[in-house]
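Shown next: target-v6.pdb, containing PDB, C-alpha atoms.
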```
ATOM      1  CA  MET A   1       8.490  22.098 -51.238
ATOM      2  CA  HIS A   2      11.797  21.733 -49.433
ATOM      3  CA  LEU A   3      13.230  23.817 -46.610
ATOM      4  CA  SER A   4      16.663  24.046 -45.077
ATOM      5  CA  ILE A   5      16.718  24.836 -41.376
ATOM      6  CA  SER A   6      19.932  26.070 -39.825
ATOM      7  CA  HIS A   7      19.176  28.832 -37.308
ATOM      8  CA  PHE A   8      18.713  27.403 -33.790
ATOM      9  CA  SER A   9      15.131  26.168 -33.872
ATOM     10  CA  LYS A  10      12.207  27.221 -35.995
ATOM     11  CA  VAL A  11       8.611  26.301 -36.721
ATOM     12  CA  SER A  12       7.992  25.049 -40.243
ATOM     13  CA  PHE A  13       4.541  24.755 -41.787
ATOM     14  CA  SER A  14       2.887  23.747 -45.020
ATOM     15  CA  SER A  15       1.445  26.455 -47.236
ATOM     16  CA  THR A  16      -1.759  24.422 -47.471
ATOM     17  CA  THR A  17      -2.295  23.711 -43.795
ATOM     18  CA  THR A  18      -2.170  25.352 -40.396
ATOM     19  CA  GLN A  19      -0.639  22.283 -38.746
ATOM     20  CA  ARG A  20       2.965  22.747 -37.673
ATOM     21  CA  LYS A  21       5.730  20.919 -35.927
ATOM     22  CA  VAL A  22       8.448  22.654 -33.928
ATOM     23  CA  ILE A  23      11.854  21.777 -35.353
ATOM     24  CA  SER A  24      15.181  22.145 -33.551
ATOM     25  CA  GLN A  25      18.544  22.697 -35.196
ATOM     26  CA  LYS A  26      19.813  19.389 -33.862
ATOM     27  CA  GLN A  27      16.892  17.502 -35.402
ATOM     28  CA  ALA A  28      16.480  18.983 -38.835
ATOM     29  CA  THR A  29      18.527  19.481 -41.973
ATOM     30  CA  SER A  30      16.462  19.224 -45.142
ATOM     31  CA  CYS A  31      12.721  18.810 -44.595
ATOM     32  CA  SER A  32       9.758  18.404 -46.879
ATOM     33  CA  HIS A  33       6.016  18.808 -46.426
ATOM     34  CA  SER A  34       3.407  16.274 -47.423
ATOM     35  CA  GLU A  35       0.299  18.152 -48.527
ATOM     36  CA  LYS A  36      -1.731  14.988 -48.188
ATOM     37  CA  VAL A  37      -0.601  14.161 -44.656
ATOM     38  CA  ASN A  38      -0.059  17.784 -43.574
ATOM     39  CA  ILE A  39       2.741  16.829 -41.209
ATOM     40  CA  VAL A  40       6.352  17.900 -41.580
ATOM     41  CA  LYS A  41       8.600  14.988 -42.538
ATOM     42  CA  CYS A  42      12.385  15.168 -42.297
ATOM     43  CA  LYS A  43      14.956  13.177 -44.237
ATOM     44  CA  ASP A  44      16.957  13.085 -41.011
ATOM     45  CA  ALA A  45      14.309  10.873 -39.487
ATOM     46  CA  SER A  46      16.210   9.209 -36.658
ATOM     47  CA  HIS A  47      14.598  11.448 -34.043
ATOM     48  CA  TRP A  48      11.029  11.784 -35.297
ATOM     49  CA  MET A  49      10.118   8.770 -37.321
ATOM     50  CA  ARG A  50      10.630   6.467 -34.354
ATOM     51  CA  ASN A  51       7.379   8.044 -33.230
ATOM     52  CA  ALA A  52       5.350   7.193 -36.336
ATOM     53  CA  ALA A  53       2.400   6.261 -34.157
ATOM     54  CA  VAL A  54       2.354   9.778 -32.757
ATOM     55  CA  GLY A  55       2.139  11.172 -36.268
ATOM     56  CA  ALA A  56      -0.737   8.873 -37.128
ATOM     57  CA  ALA A  57      -2.570   9.850 -33.974
ATOM     58  CA  ALA A  58      -1.978  13.492 -34.742
ATOM     59  CA  MET A  59      -3.658  13.223 -38.142
ATOM     60  CA  MET A  60      -6.742  11.805 -36.469
ATOM     61  CA  LEU A  61      -6.712  14.400 -33.729
ATOM     62  CA  PHE A  62      -6.280  17.358 -36.054
ATOM     63  CA  SER A  63      -9.201  16.143 -38.124
ATOM     64  CA  THR A  64     -11.593  16.664 -35.210
ATOM     65  CA  PRO A  65     -10.801  20.022 -33.596
ATOM     66  CA  ILE A  66     -12.590  21.082 -30.415
ATOM     67  CA  GLN A  67     -12.942  24.327 -28.567
ATOM     68  CA  VAL A  68     -10.133  24.649 -26.001
ATOM     69  CA  GLY A  69     -11.415  24.123 -22.468
ATOM     70  CA  GLU A  70     -14.900  23.234 -23.708
ATOM     71  CA  ALA A  71     -15.127  19.951 -21.797
ATOM     72  CA  TRP A  72     -14.365  21.505 -18.432
ATOM     73  CA  ALA A  73     -15.938  24.931 -18.887
ATOM     74  CA  ARG A  74     -19.359  23.371 -19.289
ATOM     75  CA  SER A  75     -19.225  20.843 -16.512
ATOM     76  CA  SER A  76     -19.527  21.074 -12.758
ATOM     77  CA  LEU A  77     -17.133  18.835 -10.886
ATOM     78  CA  PRO A  78     -18.398  16.993  -7.804
ATOM     79  CA  PRO A  79     -16.845  17.723  -4.392
ATOM     80  CA  ILE A  80     -13.627  15.875  -3.562
ATOM     81  CA  ASP A  81     -14.405  12.590  -1.811
ATOM     82  CA  LYS A  82     -12.235  13.023   1.262
ATOM     83  CA  ALA A  83     -13.496   9.711   2.635
ATOM     84  CA  ASP A  84     -11.732   7.863  -0.185
ATOM     85  CA  THR A  85      -8.423   6.901   1.438
ATOM     86  CA  GLU A  86      -7.043   5.486  -1.840
ATOM     87  CA  ARG A  87      -7.802   8.536  -3.960
ATOM     88  CA  CYS A  88      -4.198   9.780  -3.893
ATOM     89  CA  THR A  89      -2.521   6.411  -4.494
ATOM     90  CA  LEU A  90      -0.959   5.084  -7.684
ATOM     91  CA  ALA A  91      -3.732   2.504  -7.870
ATOM     92  CA  THR A  92      -6.198   5.302  -8.582
ATOM     93  CA  LEU A  93      -4.394   6.083 -11.831
ATOM     94  CA  ASP A  94      -5.067   2.510 -12.980
ATOM     95  CA  LYS A  95      -8.842   2.849 -12.638
ATOM     96  CA  PHE A  96     -10.770   2.564 -15.906
ATOM     97  CA  ALA A  97      -7.417   2.558 -17.739
ATOM     98  CA  GLN A  98      -8.747   0.768 -20.821
ATOM     99  CA  THR A  99     -11.816   3.007 -21.016
ATOM    100  CA  ARG A 100      -9.698   6.129 -20.695
ATOM    101  CA  ALA A 101      -7.112   4.864 -23.192
ATOM    102  CA  LYS A 102      -9.904   4.385 -25.743
ATOM    103  CA  PHE A 103     -11.204   7.846 -24.873
ATOM    104  CA  SER A 104      -7.720   9.185 -25.575
ATOM    105  CA  ALA A 105      -7.455   7.442 -28.930
ATOM    106  CA  GLU A 106     -10.814   8.602 -30.294
ATOM    107  CA  ALA A 107     -11.087  12.345 -30.857
ATOM    108  CA  GLY A 108     -14.859  12.132 -31.096
ATOM    109  CA  ALA A 109     -15.366   9.905 -28.094
ATOM    110  CA  GLY A 110     -17.332  12.521 -26.167
ATOM    111  CA  ASP A 111     -17.571  12.650 -22.389
ATOM    112  CA  LEU A 112     -16.077   9.885 -20.266
ATOM    113  CA  GLY A 113     -18.956  10.029 -17.830
ATOM    114  CA  LYS A 114     -19.051   8.456 -14.384
ATOM    115  CA  GLU A 115     -17.619   5.161 -15.645
ATOM    116  CA  GLY A 116     -14.279   6.832 -16.335
ATOM    117  CA  PHE A 117     -14.106   9.427 -13.562
ATOM    118  CA  VAL A 118     -10.676   9.593 -11.904
ATOM    119  CA  ASP A 119     -10.076  12.384  -9.414
ATOM    120  CA  ILE A 120      -6.602  13.203  -8.082
ATOM    121  CA  ARG A 121      -7.262  16.841  -7.191
ATOM    122  CA  ASP A 122      -4.794  18.151  -4.561
ATOM    123  CA  CYS A 123      -2.909  14.829  -4.534
ATOM    124  CA  ASP A 124       0.904  14.559  -4.370
ATOM    125  CA  PHE A 125       2.649  12.416  -7.002
ATOM    126  CA  SER A 126       5.832  14.476  -7.119
ATOM    127  CA  ASN A 127       9.166  13.005  -8.291
ATOM    128  CA  LEU A 128       7.587   9.708  -9.394
ATOM    129  CA  ASP A 129       7.898   7.867 -12.698
ATOM    130  CA  LEU A 130       4.293   7.853 -13.930
ATOM    131  CA  SER A 131       5.050   6.947 -17.523
ATOM    132  CA  SER A 132       3.067   3.706 -17.324
ATOM    133  CA  LYS A 133      -0.102   5.491 -16.175
ATOM    134  CA  ILE A 134      -2.994   6.722 -18.335
ATOM    135  CA  PHE A 135      -3.887  10.337 -17.533
ATOM    136  CA  SER A 136      -6.566  10.798 -20.188
ATOM    137  CA  GLY A 137      -9.646  12.439 -18.722
ATOM    138  CA  VAL A 138      -8.098  12.608 -15.240
ATOM    139  CA  ILE A 139      -9.213  15.481 -12.999
ATOM    140  CA  MET A 140      -5.921  16.684 -11.556
ATOM    141  CA  GLU A 141      -6.545  20.280 -10.523
ATOM    142  CA  ARG A 142      -3.945  21.527  -8.029
ATOM    143  CA  ALA A 143      -2.246  18.112  -8.005
ATOM    144  CA  ASN A 144       1.501  18.116  -7.325
ATOM    145  CA  LEU A 145       3.528  16.275  -9.979
ATOM    146  CA  ASN A 146       6.670  18.386  -9.644
ATOM    147  CA  GLY A 147       9.694  16.537 -10.992
ATOM    148  CA  ALA A 148       7.667  13.557 -12.234
ATOM    149  CA  ARG A 149       8.091  11.614 -15.497
ATOM    150  CA  VAL A 150       5.007  11.278 -17.697
ATOM    151  CA  VAL A 151       6.774  10.087 -20.835
ATOM    152  CA  GLY A 152       5.223   8.399 -23.860
ATOM    153  CA  THR A 153       1.764   7.983 -22.389
ATOM    154  CA  GLU A 154      -1.819   9.165 -22.958
ATOM    155  CA  MET A 155      -2.966  12.398 -21.344
ATOM    156  CA  SER A 156      -5.641  13.713 -23.654
ATOM    157  CA  ARG A 157      -8.373  15.977 -22.294
ATOM    158  CA  ALA A 158      -6.959  15.959 -18.766
ATOM    159  CA  ASP A 159      -7.953  18.753 -16.392
ATOM    160  CA  ALA A 160      -4.618  20.004 -15.033
ATOM    161  CA  ARG A 161      -5.747  23.498 -14.100
ATOM    162  CA  ASP A 162      -3.605  25.098 -11.363
ATOM    163  CA  ALA A 163      -1.554  21.896 -11.054
ATOM    164  CA  GLN A 164       2.061  21.896  -9.860
ATOM    165  CA  LEU A 165       3.969  20.504 -12.853
ATOM    166  CA  LYS A 166       7.370  22.106 -12.484
ATOM    167  CA  GLY A 167      10.069  20.161 -14.319
ATOM    168  CA  VAL A 168       7.710  17.377 -15.436
ATOM    169  CA  ASN A 169       8.898  15.428 -18.477
ATOM    170  CA  PHE A 170       5.910  15.072 -20.850
ATOM    171  CA  SER A 171       8.051  14.014 -23.839
ATOM    172  CA  ASP A 172       6.272  11.891 -26.480
ATOM    173  CA  THR A 173       2.968  12.198 -24.604
ATOM    174  CA  ASN A 174      -0.446  12.773 -26.165
ATOM    175  CA  CYS A 175      -1.762  15.896 -24.402
ATOM    176  CA  TYR A 176      -4.514  16.603 -26.919
ATOM    177  CA  ALA A 177      -7.006  19.164 -25.579
ATOM    178  CA  SER A 178      -5.680  19.029 -22.027
ATOM    179  CA  ASN A 179      -6.252  22.104 -19.870
ATOM    180  CA  PHE A 180      -3.133  23.509 -18.195
ATOM    181  CA  ASP A 181      -4.609  26.919 -17.364
ATOM    182  CA  GLY A 182      -2.842  28.400 -14.339
ATOM    183  CA  ALA A 183      -0.531  25.381 -13.930
ATOM    184  CA  ASP A 184       3.106  25.837 -12.925
ATOM    185  CA  LEU A 185       5.002  24.270 -15.849
ATOM    186  CA  GLU A 186       8.361  25.961 -15.297
ATOM    187  CA  GLY A 187      11.073  23.813 -16.865
ATOM    188  CA  ALA A 188       8.589  21.188 -18.096
ATOM    189  CA  GLN A 189       9.350  19.305 -21.327
ATOM    190  CA  PHE A 190       6.821  18.727 -24.111
ATOM    191  CA  GLU A 191       9.319  17.485 -26.691
ATOM    192  CA  ASN A 192       7.583  15.503 -29.467
ATOM    193  CA  SER A 193       4.257  15.710 -27.636
ATOM    194  CA  ILE A 194       0.833  16.273 -29.186
ATOM    195  CA  LEU A 195      -0.465  19.624 -27.947
ATOM    196  CA  SER A 196      -3.271  20.251 -30.405
ATOM    197  CA  SER A 197      -6.100  22.168 -28.659
ATOM    198  CA  ALA A 198      -4.234  22.138 -25.332
ATOM    199  CA  SER A 199      -4.716  25.271 -23.234
ATOM    200  CA  PHE A 200      -2.007  27.192 -21.356
ATOM    201  CA  GLY A 201      -4.033  30.240 -20.356
ATOM    202  CA  LYS A 202      -5.186  32.023 -17.228
ATOM    203  CA  SER A 203      -6.668  30.237 -14.260
ATOM    204  CA  ALA A 204     -10.324  31.089 -13.727
ATOM    205  CA  GLU A 205      -9.770  30.508 -10.019
ATOM    206  CA  THR A 206      -6.588  32.520  -9.366
ATOM    207  CA  GLY A 207      -6.280  34.715 -12.451
ATOM    208  CA  LYS A 208      -2.684  33.566 -12.931
ATOM    209  CA  TRP A 209      -1.317  32.476 -16.285
ATOM    210  CA  ALA A 210       0.154  29.012 -16.722
ATOM    211  CA  ASN A 211       3.850  29.410 -15.917
ATOM    212  CA  LEU A 212       5.784  28.508 -19.089
ATOM    213  CA  LYS A 213       9.172  29.849 -18.040
ATOM    214  CA  ASP A 214      11.869  27.623 -19.610
ATOM    215  CA  THR A 215       9.222  25.141 -20.794
ATOM    216  CA  LYS A 216      10.490  23.155 -23.801
ATOM    217  CA  PHE A 217       8.366  22.640 -26.931
ATOM    218  CA  GLU A 218      10.896  21.211 -29.411
ATOM    219  CA  GLY A 219       9.180  18.719 -31.723
ATOM    220  CA  ALA A 220       5.731  19.425 -30.263
ATOM    221  CA  LEU A 221       2.858  18.935 -32.684
ATOM    222  CA  VAL A 222       0.659  22.034 -32.729
ATOM    223  CA  SER A 223      -1.461  24.084 -35.119
ATOM    224  CA  SER A 224      -1.084  27.745 -36.025
ATOM    225  CA  SER A 225      -4.036  28.657 -33.807
ATOM    226  CA  ASP A 226      -2.491  26.654 -30.950
ATOM    227  CA  VAL A 227       0.780  28.552 -31.343
ATOM    228  CA  LYS A 228      -1.080  31.858 -31.341
ATOM    229  CA  ARG A 229      -2.768  30.992 -28.046
ATOM    230  CA  ILE A 230       0.441  29.727 -26.439
ATOM    231  CA  CYS A 231       2.363  32.805 -27.569
ATOM    232  CA  ALA A 232      -0.157  35.030 -25.785
ATOM    233  CA  ASN A 233       1.194  33.694 -22.481
ATOM    234  CA  PRO A 234       3.425  36.415 -20.976
ATOM    235  CA  THR A 235       5.533  33.960 -18.960
ATOM    236  CA  LEU A 236       7.269  32.555 -22.062
ATOM    237  CA  THR A 237      10.909  33.495 -22.462
ATOM    238  CA  GLU A 238      11.903  35.398 -25.590
ATOM    239  CA  GLU A 239      14.127  32.492 -26.631
ATOM    240  CA  THR A 240      11.231  30.039 -26.484
ATOM    241  CA  LYS A 241       8.943  32.436 -28.345
ATOM    242  CA  ASP A 242      11.491  33.168 -31.079
ATOM    243  CA  TYR A 243      13.290  29.875 -31.581
ATOM    244  CA  GLU A 244      10.908  27.127 -30.487
ATOM    245  CA  LEU A 245       7.426  28.446 -31.159
ATOM    246  CA  GLY A 246       8.116  31.076 -33.807
ATOM    247  CA  CYS A 247       5.760  33.597 -32.215
TER     248      CYS A 247
END
```
Is it possible to give me this structure as structure tokens?
Amino acid sequence: MHLSISHFSKVSFSSTTTQRKVISQKQATSCSHSEKVNIVKCKDASHWMRNAAVGAAAMMLFSTPIQVGEAWARSSLPPIDKADTERCTLATLDKFAQTRAKFSAEAGAGDLGKEGFVDIRDCDFSNLDLSSKIFSGVIMERANLNGARVVGTEMSRADARDAQLKGVNFSDTNCYASNFDGADLEGAQFENSILSSASFGKSAETGKWANLKDTKFEGALVSSSDVKRICANPTLTEETKDYELGC
């Protein structure tokens, strides 16, 4: 089945799958769907196909869906160790990097446990280039990453509830099943990112929705159920809802 896309940006999806990829006008001309792979493929592949690894990871991730927020809803986080003077340093983000990278790559890897626990709650990493860091499994509630770059890295199943993420560039990043409930994501970019099972809902602590004003989702890999959840967020602009997510 072939589609022609010419009106701003739309979401295209296979008739045999719920998996979808947001397509912008600049990216797409004539696109086809692979029923076997269940990922949209475009003949104009200069923008997407450079990220073939992302597509391969997405197939694995979609094959093992989880309940959004399940990992954090059922766990009790320990108190912040205020005696740890290095907790809010860049070196902390390098702890257990290989373990957490493996955790990010395996959808059925389970809980990281104590051996992979990295806590940057309430820490300030604003306006830094953090693209070389692994954020998978990181506890980053209320952390300040405003204006930071987190491009092309692993951030699956991170706990970013109530975090300050205004203007953060998450392009090409694997954010599978990460929890952004209540986070301020105004102006953030998720272009070509994996957002399957990610949550952008209300904060259990403050009752506030994740702020998605002017957040960009072009090229993001999501499922129909993911889109439905994201579209329930009242902070989305009408343009984003209509032309990027297809709410």
Legend entry - Output of the PyMOL selection byres ((chain A and resi 137) around 6), listed as a ChimeraX atom specification: /A:136,138,157-158
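Residue selection for this entry, given the PyMOL selection byres ((chain A and resi 155) around 9), comprises Ala101, Ser104, Ile134, Phe135, Ser136, Gly137, Val138, Val150, Thr153, Glu154, Ser156, Arg157, Ala158, Thr173, Asn174, Cys175, Tyr176, Ala177 and Ser178 of chain A.
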Inset, instruction - Would you kindly translate the PyMOL selection byres ((chain A and resi 199-211) around 6) into the concrete residues it picks from this file, as a list in words? - result: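 Evaluating the PyMOL selection byres ((chain A and resi 199-211) around 6) on these coordinates yields Asn179, Phe180, Asp181, Gly182, Ala183, Asp184, Leu185, Glu186, Ala198, Leu212, Lys213 and Thr235 of chain A.
Here CA of Ala188 (chain A) and CA of Pro234 (chain A) stand 16.3 Å from one another.
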Legend entry - Gap from CA of Gly147 (chain A) to CA of Phe217 (chain A) - Å, one decimal: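 Here the two named atoms are 17.1 Å from each other.
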Legend entry - Distance in Å - CA of Gly167 (chain A) versus CA of Phe117 (chain A): 26.5 Å
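Minimum distance to Gly219 (chain A) across A:Cys231, A:Ala148, A:Ala143, A:Ile194 (counting all atoms listed in the file) occurs at A:Ile194.
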